[in-house]
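What follows is the content of start.pdb, which has PDB, C-alpha atoms:
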MODEL        1
ATOM      1  CA  MET A 139       0.000   0.000   0.000
ATOM      2  CA  THR A 140       1.337   3.420  -0.905
ATOM      3  CA  ILE A 141       1.347   6.420   1.434
ATOM      4  CA  GLU A 142      -1.383   8.011  -0.701
ATOM      5  CA  GLU A 143      -3.534   4.874  -0.457
ATOM      6  CA  ALA A 144      -3.015   4.774   3.310
ATOM      7  CA  LEU A 145      -3.995   8.439   3.665
ATOM      8  CA  ASP A 146      -7.107   7.793   1.556
ATOM      9  CA  LYS A 147      -7.996   4.797   3.718
ATOM     10  CA  ILE A 148      -7.928   6.754   6.976
ATOM     11  CA  LYS A 149     -10.093   9.515   5.476
ATOM     12  CA  SER A 150     -13.025   7.116   5.820
ATOM     13  CA  SER A 151     -12.790   7.281   9.620
ATOM     14  CA  LYS A 152     -14.810   9.959  11.379
ATOM     15  CA  PHE A 153     -12.602   9.576  14.467
ATOM     16  CA  ARG A 154      -9.300   9.874  12.578
ATOM     17  CA  GLY A 155     -10.641  12.830  10.602
ATOM     18  CA  ARG A 156     -11.121  14.863  13.783
ATOM     19  CA  PHE A 157      -7.407  15.387  14.162
ATOM     20  CA  LYS A 158      -6.045  18.572  12.648
ATOM     21  CA  LEU A 159      -2.920  20.599  13.215
ATOM     22  CA  THR A 160      -3.543  23.961  14.847
ATOM     23  CA  ALA A 161      -1.831  27.275  14.193
ATOM     24  CA  ALA A 162       0.245  26.637  17.329
ATOM     25  CA  ASP A 163       1.311  23.228  15.992
ATOM     26  CA  LEU A 164       2.333  24.784  12.698
ATOM     27  CA  ALA A 165       4.250  27.560  14.421
ATOM     28  CA  TYR A 166       6.100  24.922  16.449
ATOM     29  CA  ILE A 167       6.943  22.960  13.305
ATOM     30  CA  GLU A 168       8.183  26.104  11.585
ATOM     31  CA  ARG A 169      10.252  27.038  14.644
ATOM     32  CA  VAL A 170      12.012  23.682  15.153
ATOM     33  CA  GLY A 171      12.014  22.554  11.513
ATOM     34  CA  ILE A 172      10.499  19.595   9.723
ATOM     35  CA  ASP A 173      13.671  17.494  10.153
ATOM     36  CA  THR A 174      13.373  17.810  13.933
ATOM     37  CA  ILE A 175       9.712  16.810  13.746
ATOM     38  CA  GLU A 176      10.697  13.726  11.750
ATOM     39  CA  ARG A 177      13.301  12.820  14.383
ATOM     40  CA  HIS A 178      10.631  13.221  17.063
ATOM     41  CA  ALA A 179       8.314  10.950  15.067
ATOM     42  CA  ALA A 180      11.029   8.295  14.807
ATOM     43  CA  ASP A 181      11.777   8.601  18.536
ATOM     44  CA  PHE A 182       8.084   8.315  19.472
ATOM     45  CA  VAL A 183       7.499   5.316  17.189
ATOM     46  CA  ARG A 184      10.594   3.594  18.548
ATOM     47  CA  GLY A 185       9.756   4.432  22.158
ATOM     48  CA  LYS A 186       6.013   3.863  22.125
ATOM     49  CA  LEU A 187       5.375   1.201  19.477
ATOM     50  CA  SER A 188       8.436  -0.845  18.574
ATOM     51  CA  GLU A 189       8.334  -3.383  21.393
ATOM     52  CA  ALA A 190       6.277  -6.544  21.046
ATOM     53  CA  GLU A 191       4.277  -5.591  24.146
ATOM     54  CA  PRO A 192       4.484  -1.796  24.567
ATOM     55  CA  LYS A 193       3.818  -0.441  28.042
ATOM     56  CA  ASN A 194       0.221   0.821  28.407
ATOM     57  CA  ASP A 195      -0.611  -0.198  24.842
ATOM     58  CA  GLY A 196      -3.735   1.619  23.750
ATOM     59  CA  ARG A 197      -3.060   4.516  26.106
ATOM     60  CA  GLN A 198       0.601   5.342  25.494
ATOM     61  CA  THR A 199       0.141   8.184  23.008
ATOM     62  CA  PRO A 200      -1.344  11.457  24.291
ATOM     63  CA  MET A 201      -4.119  13.023  22.219
ATOM     64  CA  ARG A 202      -2.412  16.429  22.205
ATOM     65  CA  GLY A 203       0.747  18.220  23.242
ATOM     66  CA  HIS A 204       2.869  17.580  20.143
ATOM     67  CA  PRO A 205       2.029  17.615  16.423
ATOM     68  CA  VAL A 206       3.366  14.067  16.066
ATOM     69  CA  PHE A 207       0.922  12.790  18.708
ATOM     70  CA  LYS A 208      -1.993  14.177  16.682
ATOM     71  CA  ALA A 209      -0.522  12.662  13.527
ATOM     72  CA  MET A 210      -0.131   9.289  15.222
ATOM     73  CA  HIS A 211      -3.833   9.251  16.116
ATOM     74  CA  ALA A 212      -4.861  10.586  12.705
ATOM     75  CA  THR A 213      -2.890   7.835  10.952
ATOM     76  CA  ALA A 214      -3.750   4.938  13.282
ATOM     77  CA  THR A 215      -0.117   4.596  14.369
ATOM     78  CA  CYS A 216      -0.882   5.534  17.978
ATOM     79  CA  CYS A 217      -0.893   2.009  19.446
ATOM     80  CA  ARG A 218      -0.360  -1.554  18.393
ATOM     81  CA  GLY A 219      -4.100  -2.242  18.507
ATOM     82  CA  CYS A 220      -4.779   0.472  15.932
ATOM     83  CA  MET A 221      -1.822  -0.622  13.850
ATOM     84  CA  GLU A 222      -3.168  -4.181  13.790
ATOM     85  CA  LYS A 223      -6.723  -3.081  12.973
ATOM     86  CA  TRP A 224      -5.817  -0.577  10.254
ATOM     87  CA  TRP A 225      -2.483  -1.786   8.867
ATOM     88  CA  ARG A 226      -2.451  -5.517   9.798
ATOM     89  CA  VAL A 227       0.722  -5.144  11.832
ATOM     90  CA  LYS A 228       0.581  -8.059  14.261
ATOM     91  CA  LYS A 229       0.530  -7.347  17.971
ATOM     92  CA  GLY A 230       2.944  -9.324  20.118
ATOM     93  CA  VAL A 231       5.809  -9.030  17.621
ATOM     94  CA  ALA A 232       8.426  -6.281  17.772
ATOM     95  CA  LEU A 233       8.306  -3.826  14.869
ATOM     96  CA  SER A 234      11.109  -4.176  12.365
ATOM     97  CA  GLU A 235      13.151  -1.139  11.343
ATOM     98  CA  THR A 236      11.229  -1.162   8.045
ATOM     99  CA  GLN A 237       7.862  -1.171   9.822
ATOM    100  CA  GLN A 238       8.992   1.653  12.085
ATOM    101  CA  GLN A 239      10.129   3.692   9.087
ATOM    102  CA  LYS A 240       6.831   3.081   7.286
ATOM    103  CA  ALA A 241       4.960   4.410  10.336
ATOM    104  CA  VAL A 242       7.204   7.485  10.438
ATOM    105  CA  ASN A 243       6.707   8.020   6.695
ATOM    106  CA  LEU A 244       2.927   7.909   7.103
ATOM    107  CA  ILE A 245       3.016  10.268  10.098
ATOM    108  CA  MET A 246       5.188  12.734   8.203
ATOM    109  CA  ALA A 247       3.036  12.540   5.077
ATOM    110  CA  TRP A 248      -0.015  13.426   7.180
ATOM    111  CA  ILE A 249       1.813  16.343   8.815
ATOM    112  CA  LYS A 250       2.978  17.645   5.434
ATOM    113  CA  MET A 251      -0.550  17.261   4.046
ATOM    114  CA  GLN A 252      -1.896  19.310   6.967
ATOM    115  CA  MET A 253       0.753  21.975   6.406
ATOM    116  CA  GLU A 254      -0.155  22.141   2.722
ATOM    117  CA  CYS A 255      -3.846  22.589   3.588
ATOM    118  CA  TRP A 256      -2.911  25.536   5.804
ATOM    119  CA  ARG A 257      -0.670  26.991   3.083
ATOM    120  CA  ARG A 258      -3.380  26.703   0.454
ATOM    121  CA  SER A 259      -5.827  28.474   2.730
ATOM    122  CA  GLY A 260      -3.324  31.282   3.253
ATOM    123  CA  ALA A 261      -3.730  30.899   6.993
ATOM    124  CA  LEU A 262      -0.221  29.603   7.630
ATOM    125  CA  ALA A 263       1.476  32.803   6.569
ATOM    126  CA  GLN A 264      -0.964  34.926   8.586
ATOM    127  CA  ASN A 265      -0.529  32.830  11.736
ATOM    128  CA  LEU A 266       3.251  32.943  11.592
ATOM    129  CA  ARG A 267       3.455  36.745  11.493
TER
ENDMDL
END
Output the file's structure in the form of structure tokens.
Amino acid sequence: MTIEEALDKIKSSKFRGRFKLTAADLAYIERVGIDTIERHAADFVRGKLSEAEPKNDGRQTPMRGHPVFKAMHATATCCRGCMEKWWRVKKGVALSETQQQKAVNLIMAWIKMQMECWRRSGALAQNLR
């Protein structure tokens, strides 16, 4: 499945569609840079999802507080249960490096899509002034 196909798939979910980046999220991304956000995404995926039995699975990813957390919920990469349901990634088995990178790629594609929506609306430039 391509990133575009995955993004299309999650659009069908009312719950996943609730998540949007705010002006504050975008300002944070602009301030620290997209490369830093990608490193955060990789760190969060590794720390919260990579183990076969992650601690507090199903509750380990906050709903807010960092743009990557919102992206993880929006893309069903927030817990192993969601990853199994949406992406058929088996619970009880540690994520491979490839699986971790695919999750990061999907998270980053969603973030970039959100940023593009803000840019197209002209709101990003106004909110960063």
Cut-off 10 Å: closest region 143-168 of chain A/region 188-202 of chain A atom pairs per residue, using only C-alpha atoms, as a tab-separated table:
residue	atom	partner	partner_atom	distance
A:Phe157	CA	A:Met201	CA	9.0
A:Leu159	CA	A:Arg202	CA	9.9
A:Asp163	CA	A:Arg202	CA	9.9
- Task: With a distance cut-off of 10 Å and only C-alpha atoms, select the neighbouring residues of region 139-156 of chain A, excluding the residue or stretch itself and same-chain residues fewer than 4 positions from it, and output the selection as a ChimeraX atom specification.
- Result: /A:208-214,224-225,240-241,243-245,247-248,251
- Find, counting all atoms listed in the file, the residue in A:Ile175, A:Ala180, A:Val206, A:Leu187 that gets nearest to Gly219 (chain A).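 Closest to Gly219 (chain A) of all the choices is A:Leu187.
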- Message: Just the number, please: distance in Å from CA of Met246 (chain A) to CA of Lys223 (chain A), one decimal.
- Response: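 It comes out at 20.4 Å.
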- Task: Pick out the closest residue to Gln237 (chain A) from this set: A:Cys216, A:Ala165, A:Met221, A:Cys255. Count only C-alpha atoms.
- Result: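 When distances to Gln237 (chain A) are compared using only C-alpha atoms, the smallest one comes from A:Met221.
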Around (9.0, 6.5, 12.6) in the file's own coordinates, what residues are found within 6 Å if you use all atoms listed in the file, given back as a PDB file with C-alpha atoms, in the frame of the given file?
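out.pdb written:
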ATOM      1  CA  ALA A 179       8.314  10.950  15.067  1.00  0.00           C
ATOM      2  CA  ALA A 180      11.029   8.295  14.807  1.00  0.00           C
ATOM      3  CA  VAL A 183       7.499   5.316  17.189  1.00  0.00           C
ATOM      4  CA  GLN A 238       8.992   1.653  12.085  1.00  0.00           C
ATOM      5  CA  GLN A 239      10.129   3.692   9.087  1.00  0.00           C
ATOM      6  CA  ALA A 241       4.960   4.410  10.336  1.00  0.00           C
ATOM      7  CA  VAL A 242       7.204   7.485  10.438  1.00  0.00           C
TER       8      VAL A 242
END
Because some atoms of region 189-215 of chain A are absent here, can you restore N, CA, C and O atoms and send them as a PDB file, keeping the file's coordinate frame?
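Output file result23.pdb is given in full below:
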ATOM      1  N   GLU A 189       8.268  -2.138  20.618  1.00  0.00           N
ATOM      2  CA  GLU A 189       8.334  -3.383  21.393  1.00  0.00           C
ATOM      3  C   GLU A 189       7.153  -4.289  21.065  1.00  0.00           C
ATOM      4  O   GLU A 189       6.089  -3.816  20.663  1.00  0.00           O
ATOM      5  N   ALA A 190       7.346  -5.576  21.290  1.00  0.00           N
ATOM      6  CA  ALA A 190       6.277  -6.544  21.046  1.00  0.00           C
ATOM      7  C   ALA A 190       5.074  -6.284  21.951  1.00  0.00           C
ATOM      8  O   ALA A 190       3.921  -6.432  21.530  1.00  0.00           O
ATOM      9  N   GLU A 191       5.335  -5.886  23.172  1.00  0.00           N
ATOM     10  CA  GLU A 191       4.277  -5.591  24.146  1.00  0.00           C
ATOM     11  C   GLU A 191       4.543  -4.213  24.756  1.00  0.00           C
ATOM     12  O   GLU A 191       5.046  -4.103  25.879  1.00  0.00           O
ATOM     13  N   PRO A 192       4.208  -3.135  24.037  1.00  0.00           N
ATOM     14  CA  PRO A 192       4.484  -1.796  24.567  1.00  0.00           C
ATOM     15  C   PRO A 192       3.754  -1.536  25.887  1.00  0.00           C
ATOM     16  O   PRO A 192       2.628  -1.992  26.086  1.00  0.00           O
ATOM     17  N   LYS A 193       4.416  -0.802  26.757  1.00  0.00           N
ATOM     18  CA  LYS A 193       3.818  -0.441  28.042  1.00  0.00           C
ATOM     19  C   LYS A 193       2.565   0.400  27.790  1.00  0.00           C
ATOM     20  O   LYS A 193       2.582   1.313  26.963  1.00  0.00           O
ATOM     21  N   ASN A 194       1.495   0.090  28.507  1.00  0.00           N
ATOM     22  CA  ASN A 194       0.221   0.821  28.407  1.00  0.00           C
ATOM     23  C   ASN A 194      -0.322   0.863  26.983  1.00  0.00           C
ATOM     24  O   ASN A 194      -0.901   1.878  26.574  1.00  0.00           O
ATOM     25  N   ASP A 195      -0.159  -0.208  26.230  1.00  0.00           N
ATOM     26  CA  ASP A 195      -0.611  -0.198  24.842  1.00  0.00           C
ATOM     27  C   ASP A 195      -2.088   0.178  24.777  1.00  0.00           C
ATOM     28  O   ASP A 195      -2.909  -0.328  25.518  1.00  0.00           O
ATOM     29  N   GLY A 196      -2.383   1.101  23.895  1.00  0.00           N
ATOM     30  CA  GLY A 196      -3.735   1.619  23.750  1.00  0.00           C
ATOM     31  C   GLY A 196      -3.918   2.941  24.471  1.00  0.00           C
ATOM     32  O   GLY A 196      -4.892   3.651  24.244  1.00  0.00           O
ATOM     33  N   ARG A 197      -2.976   3.267  25.354  1.00  0.00           N
ATOM     34  CA  ARG A 197      -3.060   4.516  26.106  1.00  0.00           C
ATOM     35  C   ARG A 197      -1.721   5.242  26.150  1.00  0.00           C
ATOM     36  O   ARG A 197      -1.573   6.217  26.870  1.00  0.00           O
ATOM     37  N   GLN A 198      -0.747   4.793  25.373  1.00  0.00           N
ATOM     38  CA  GLN A 198       0.601   5.342  25.494  1.00  0.00           C
ATOM     39  C   GLN A 198       0.819   6.643  24.729  1.00  0.00           C
ATOM     40  O   GLN A 198       1.772   7.350  24.989  1.00  0.00           O
ATOM     41  N   THR A 199      -0.060   6.980  23.810  1.00  0.00           N
ATOM     42  CA  THR A 199       0.141   8.184  23.008  1.00  0.00           C
ATOM     43  C   THR A 199      -0.872   9.250  23.412  1.00  0.00           C
ATOM     44  O   THR A 199      -2.079   9.047  23.232  1.00  0.00           O
ATOM     45  N   PRO A 200      -0.413  10.377  23.929  1.00  0.00           N
ATOM     46  CA  PRO A 200      -1.344  11.457  24.291  1.00  0.00           C
ATOM     47  C   PRO A 200      -2.118  11.949  23.070  1.00  0.00           C
ATOM     48  O   PRO A 200      -1.661  11.833  21.931  1.00  0.00           O
ATOM     49  N   MET A 201      -3.280  12.505  23.308  1.00  0.00           N
ATOM     50  CA  MET A 201      -4.119  13.023  22.219  1.00  0.00           C
ATOM     51  C   MET A 201      -3.659  14.396  21.752  1.00  0.00           C
ATOM     52  O   MET A 201      -4.038  14.841  20.685  1.00  0.00           O
ATOM     53  N   ARG A 202      -2.879  15.090  22.576  1.00  0.00           N
ATOM     54  CA  ARG A 202      -2.412  16.429  22.205  1.00  0.00           C
ATOM     55  C   ARG A 202      -1.079  16.689  22.888  1.00  0.00           C
ATOM     56  O   ARG A 202      -0.596  15.869  23.644  1.00  0.00           O
ATOM     57  N   GLY A 203      -0.509  17.862  22.608  1.00  0.00           N
ATOM     58  CA  GLY A 203       0.747  18.220  23.242  1.00  0.00           C
ATOM     59  C   GLY A 203       1.918  18.264  22.282  1.00  0.00           C
ATOM     60  O   GLY A 203       2.916  18.902  22.556  1.00  0.00           O
ATOM     61  N   HIS A 204       1.805  17.579  21.154  1.00  0.00           N
ATOM     62  CA  HIS A 204       2.869  17.580  20.143  1.00  0.00           C
ATOM     63  C   HIS A 204       2.216  17.244  18.809  1.00  0.00           C
ATOM     64  O   HIS A 204       1.340  16.374  18.753  1.00  0.00           O
ATOM     65  N   PRO A 205       2.623  17.910  17.734  1.00  0.00           N
ATOM     66  CA  PRO A 205       2.029  17.615  16.423  1.00  0.00           C
ATOM     67  C   PRO A 205       2.128  16.133  16.030  1.00  0.00           C
ATOM     68  O   PRO A 205       1.213  15.596  15.405  1.00  0.00           O
ATOM     69  N   VAL A 206       3.208  15.480  16.416  1.00  0.00           N
ATOM     70  CA  VAL A 206       3.366  14.067  16.066  1.00  0.00           C
ATOM     71  C   VAL A 206       2.325  13.216  16.779  1.00  0.00           C
ATOM     72  O   VAL A 206       1.812  12.252  16.201  1.00  0.00           O
ATOM     73  N   PHE A 207       1.958  13.554  18.013  1.00  0.00           N
ATOM     74  CA  PHE A 207       0.922  12.790  18.708  1.00  0.00           C
ATOM     75  C   PHE A 207      -0.397  12.857  17.934  1.00  0.00           C
ATOM     76  O   PHE A 207      -1.077  11.842  17.753  1.00  0.00           O
ATOM     77  N   LYS A 208      -0.769  14.041  17.480  1.00  0.00           N
ATOM     78  CA  LYS A 208      -1.993  14.177  16.682  1.00  0.00           C
ATOM     79  C   LYS A 208      -1.892  13.353  15.410  1.00  0.00           C
ATOM     80  O   LYS A 208      -2.845  12.675  15.019  1.00  0.00           O
ATOM     81  N   ALA A 209      -0.729  13.416  14.767  1.00  0.00           N
ATOM     82  CA  ALA A 209      -0.522  12.662  13.527  1.00  0.00           C
ATOM     83  C   ALA A 209      -0.596  11.159  13.779  1.00  0.00           C
ATOM     84  O   ALA A 209      -1.131  10.421  12.945  1.00  0.00           O
ATOM     85  N   MET A 210      -0.080  10.720  14.911  1.00  0.00           N
ATOM     86  CA  MET A 210      -0.131   9.289  15.222  1.00  0.00           C
ATOM     87  C   MET A 210      -1.582   8.820  15.355  1.00  0.00           C
ATOM     88  O   MET A 210      -1.941   7.746  14.862  1.00  0.00           O
ATOM     89  N   HIS A 211      -2.417   9.618  15.999  1.00  0.00           N
ATOM     90  CA  HIS A 211      -3.833   9.251  16.116  1.00  0.00           C
ATOM     91  C   HIS A 211      -4.528   9.353  14.766  1.00  0.00           C
ATOM     92  O   HIS A 211      -5.325   8.481  14.407  1.00  0.00           O
ATOM     93  N   ALA A 212      -4.230  10.393  14.015  1.00  0.00           N
ATOM     94  CA  ALA A 212      -4.861  10.586  12.705  1.00  0.00           C
ATOM     95  C   ALA A 212      -4.528   9.461  11.734  1.00  0.00           C
ATOM     96  O   ALA A 212      -5.327   9.129  10.865  1.00  0.00           O
ATOM     97  N   THR A 213      -3.350   8.866  11.893  1.00  0.00           N
ATOM     98  CA  THR A 213      -2.890   7.835  10.952  1.00  0.00           C
ATOM     99  C   THR A 213      -2.979   6.415  11.511  1.00  0.00           C
ATOM    100  O   THR A 213      -2.490   5.483  10.887  1.00  0.00           O
ATOM    101  N   ALA A 214      -3.595   6.262  12.654  1.00  0.00           N
ATOM    102  CA  ALA A 214      -3.750   4.938  13.282  1.00  0.00           C
ATOM    103  C   ALA A 214      -2.395   4.275  13.548  1.00  0.00           C
ATOM    104  O   ALA A 214      -2.231   3.068  13.395  1.00  0.00           O
ATOM    105  N   THR A 215      -1.422   5.110  13.950  1.00  0.00           N
ATOM    106  CA  THR A 215      -0.117   4.596  14.369  1.00  0.00           C
ATOM    107  C   THR A 215       0.120   4.954  15.837  1.00  0.00           C
ATOM    108  O   THR A 215       1.257   5.094  16.260  1.00  0.00           O
TER     109      THR A 215
END
